[in-house]
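These notes are about the structure you will find just below.
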Amino acid sequence: MTGRNSKFRIFLIVITGIILIQAGELAAQKVEMVNGVRVVHNRAKGLWGKKPAISLEPVRKLGDIDSPDPNTAFYMPAAVALDSAGNIYVLDTGNNRIQKFAADGKFLASLGRFGQGPGEFNYPSWLDIDEAGHLYVTDPFNERIQILTADGKELRTIRFTEGQIGNVFVKRDGRLIMGQATVSFRFITPGEKKPAGLPKLVKVLDAAGKTVSEFGEMVDTGEELLTNTINQFVLTVDDNDNVYLAFPYQNRIEKYSADGRLIWRADRELPYSLEVQDKGSVERREGGVSIRSPIINRSSEGLAVDGKGRVWVITLARQLKKEERVGIGVSISQSASGGRQVGFKPHGDTELRETDAYKLEIFDPEGVLLGEIPLKQFVDGLFIRGDRLFLLDRLRGASVQEFRIKE
């Protein structure tokens with residue numbers, strides 16, 4: 001587009017308040033301000049098109065469900081964290097332990113075991129490390145967050161008597177960012193007064209676990225089960241304590257400032273619909289509750305931010321085929337004394353290792369989709385520190401693959 005037509009297009013941009021970012025002759029994004037918030041509507045492929053400006057160089061694989069080495073025979077690993085020395089910590093949830101490796105992949109130590117005492121776990125769900133190298137372990141079935149030294153000794157414990165514990169990230173000032181409850185089966189019972197308004201998505205806790213602020217708005221569908229489902233999200237925090245959310249059941253990625261102010265929201269073109277196919281149901285019976293989950297396509301599985309502020313999202317390029325789907329069966333029982341027994345068991349074909357269903361989408365610090373990198377494996381989690389990127393396969397290979405980000 002040249003001459004008068006080009007000038008006319010720029011004029012339209014100014015008077016409508018909509019910014020069109022050019023990628024050749026095609027508008028790759030549309031950016032608008034909605035109630036003071038930057039909203040980015042990204043087209044497929046992003047600014048890079050078919051030639052990503054970033055690649056991933058394989059480094060190593062840690063763990064495998066069939067590993068003959070007990071130190072790397074993971075079972076449902078849930079998180080990866082690195083300390084300032086570059087040591088790798090893998091939260092091996094199903095084995096109730098944290099496996100520590102040197103930066104070169106050499107096994108160093110095993111921390112924790114099953115139990116309720118100091119340094120013991122009951123299917124822990126998350127791990128983060130502060131600047132001092134202390135480990136923050138989210139242990140929901142023990143109703144606590146444990147803060148441990150790098151060798152697994154207890155420093156202190158934050159207890160939550162009402163349960164409802166979400167995964168936590170440590171801010172630079174020692175406060176905690178907590179997402180939604182990791183495990184929650186509570187629903188409003190008949191006759192119980194419904195709370196006024198929906199809860200916020202994210203909590204900020206002080207060092208004692210007291211809530212000091214909340215932020216993030218839920219979408220209200222009018223159906224409790226459906227509302228709980230579509231507002232599920234993946235959470236991460238960058239080096240400046242900005243908070244990012246990606247919603248698996250919505251075409252929605254958000255960035256918040258450290259004080260909880262929504263900075264931008266982004267969406268992108270998807271090759272499938274996220275419309276609700278089935279609202280699900282909750283049936284209360286004597287002695288229990290039967291839940292049939294809503295049916296909705298999924299869009300996102302993981303989220304991380306690199307040192308340049310770029311946002312990486314694990315996105316489904318297509319929906320999983322029936323034979324590719326796996327899940328986790330959960331059984332919970334409670335004794336008369338109050339003791340709780342929890343069991344998890346993956347179901348589905350966990351022997352599958354390769355698929356073309358996943359890709360990495362990379363957004364710039366302002367929410368503009370730069371491009372995408374196709375993946376060849378199943379991915380349940382994403383972790384980045386410096387130029388090191390880790391992809392977690394939780395239920396199939398039970399492994400962590402490390403890559404180097406190449407510019």
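Chain lettering (A, B, ...) mirrors the order of the structure tokens, residue numbering begins at 1 for each chain separately, and ligand numbering begins at 1 in order of display.
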Stretch 215-263 of chain A residues near stretch 34-53 of chain A within 10 Å, closest pair each, using only C-alpha atoms, as JSON lines:
```
{"residue": "A:Ile253", "atom": "CA", "partner": "A:Val40", "partner_atom": "CA", "distance": 9.7}
{"residue": "A:Glu254", "atom": "CA", "partner": "A:Val39", "partner_atom": "CA", "distance": 9.3}
{"residue": "A:Arg261", "atom": "CA", "partner": "A:Val37", "partner_atom": "CA", "distance": 9.5}
{"residue": "A:Leu262", "atom": "CA", "partner": "A:Val37", "partner_atom": "CA", "distance": 6.8}
{"residue": "A:Ile263", "atom": "CA", "partner": "A:Val37", "partner_atom": "CA", "distance": 6.1}
```
Residues of stretch 145-338 of chain A in alpha helix (DSSP H), written as a list in words: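 Written out, the alpha helix (DSSP H) residues of stretch 145-338 of chain A are Glu224, Leu225, Leu226, Thr227, Asn228, Thr229 and Ile230 of chain A.
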Resulting file, chosen residues, C-alpha atoms, as a short mmCIF file (atom, residue, chain, number, x, y, z; two decimals), in the first residue's frame:
```
data_model
loop_
_atom_site.label_atom_id
_atom_site.label_comp_id
_atom_site.auth_asym_id
_atom_site.auth_seq_id
_atom_site.Cartn_x
_atom_site.Cartn_y
_atom_site.Cartn_z
CA GLU A 224 -21.36 -22.61 39.77
CA LEU A 225 -19.63 -25.65 38.30
CA LEU A 226 -19.19 -24.04 34.89
CA THR A 227 -17.92 -20.80 36.43
CA ASN A 228 -15.35 -22.74 38.48
CA THR A 229 -14.20 -24.58 35.36
CA ILE A 230 -13.80 -21.77 32.84
#
```
For atom CA of A:Pro124 and atom CA of A:Phe344, the interatomic separation in Å (one decimal):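 Computed distance, atom CA of A:Pro124 to atom CA of A:Phe344, equals 11.9 Å.
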Point-to-point distance from atom CA of A:Phe160 to atom CA of A:Leu201, Å rounded to tenths: 17.9 Å
For A:Ala266, the nearest of the candidates A:Thr350, A:Thr221, A:Ser281, A:Asn251, counting only C-alpha atoms: A:Asn251
Length of the atom CA of A:Val212 to atom CA of A:Gly367 vector [Å]: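 Taking atom CA of A:Val212 as the start and atom CA of A:Gly367 as the end point, the length is 28.0 Å.
Closest approach to A:Gly386 among A:Phe403, A:Phe363, A:Tyr123, A:Phe114: A:Phe403, based on only C-alpha atoms.
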For A:Val59: contacts at 12 Å, only C-alpha atoms, fewer than 6 positions along chain excluded, given as an MDAnalysis selection string: chainID A and resid 103:105 387:391 400:406
Store the residues picked out above in a file with C-alpha atoms, as a PDB file, in the first residue's frame.
```
ATOM      1  CA  ALA A 103      23.247 -27.593  36.350  1.00  0.00           C
ATOM      2  CA  ASP A 104      24.874 -30.352  34.265  1.00  0.00           C
ATOM      3  CA  GLY A 105      22.172 -32.850  35.232  1.00  0.00           C
ATOM      4  CA  ASP A 387      18.197 -19.057  28.476  1.00  0.00           C
ATOM      5  CA  ARG A 388      17.197 -22.423  29.958  1.00  0.00           C
ATOM      6  CA  LEU A 389      13.743 -23.721  29.128  1.00  0.00           C
ATOM      7  CA  PHE A 390      12.158 -26.829  30.644  1.00  0.00           C
ATOM      8  CA  LEU A 391       9.161 -28.769  29.320  1.00  0.00           C
ATOM      9  CA  VAL A 400      11.657 -33.035  32.230  1.00  0.00           C
ATOM     10  CA  GLN A 401      13.321 -31.966  28.986  1.00  0.00           C
ATOM     11  CA  GLU A 402      15.761 -29.081  29.061  1.00  0.00           C
ATOM     12  CA  PHE A 403      16.413 -26.783  26.088  1.00  0.00           C
ATOM     13  CA  ARG A 404      18.544 -23.732  25.452  1.00  0.00           C
ATOM     14  CA  ILE A 405      16.795 -20.719  23.937  1.00  0.00           C
ATOM     15  CA  LYS A 406      18.721 -19.684  20.818  1.00  0.00           C
TER      16      LYS A 406
END
```
Surrounding residues of A:Gly115 excluding itself and chain neighbours under 2 positions, 12 Å, only C-alpha atoms, as a list in words: Asn95, Asn96, Arg97, Gly112, Arg113, Gly117, Pro118, Gly119, Glu120, Phe121, Asn122, Tyr123, Pro124, Asp139, Phe141, Asn142, Gly339, Arg340, Gln341 and Val342 of chain A
Expected file contents, prior selection, C-alpha atoms, as a short mmCIF file (atom, residue, chain, number, x, y, z; two decimals), in the first residue's frame:
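Wrote result.cif, looks like this:
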```cif
data_model
loop_
_atom_site.label_atom_id
_atom_site.label_comp_id
_atom_site.auth_asym_id
_atom_site.auth_seq_id
_atom_site.Cartn_x
_atom_site.Cartn_y
_atom_site.Cartn_z
CA ASN A 95 6.91 -39.95 45.17
CA ASN A 96 6.49 -37.17 47.76
CA ARG A 97 9.99 -35.80 47.28
CA GLY A 112 11.49 -35.19 51.63
CA ARG A 113 9.29 -38.24 51.97
CA GLY A 117 6.02 -33.97 59.77
CA PRO A 118 8.66 -31.34 58.97
CA GLY A 119 10.09 -31.85 55.51
CA GLU A 120 7.47 -34.49 54.69
CA PHE A 121 4.80 -34.24 52.00
CA ASN A 122 1.42 -35.59 50.97
CA TYR A 123 1.24 -35.18 47.19
CA PRO A 124 2.76 -31.66 47.09
CA ASP A 139 1.43 -29.10 50.32
CA PHE A 141 -3.37 -32.17 51.57
CA ASN A 142 -1.34 -31.32 54.68
CA GLY A 339 -6.70 -38.33 59.10
CA ARG A 340 -6.94 -38.01 55.31
CA GLN A 341 -5.84 -40.60 52.81
CA VAL A 342 -5.30 -39.43 49.25
#
```
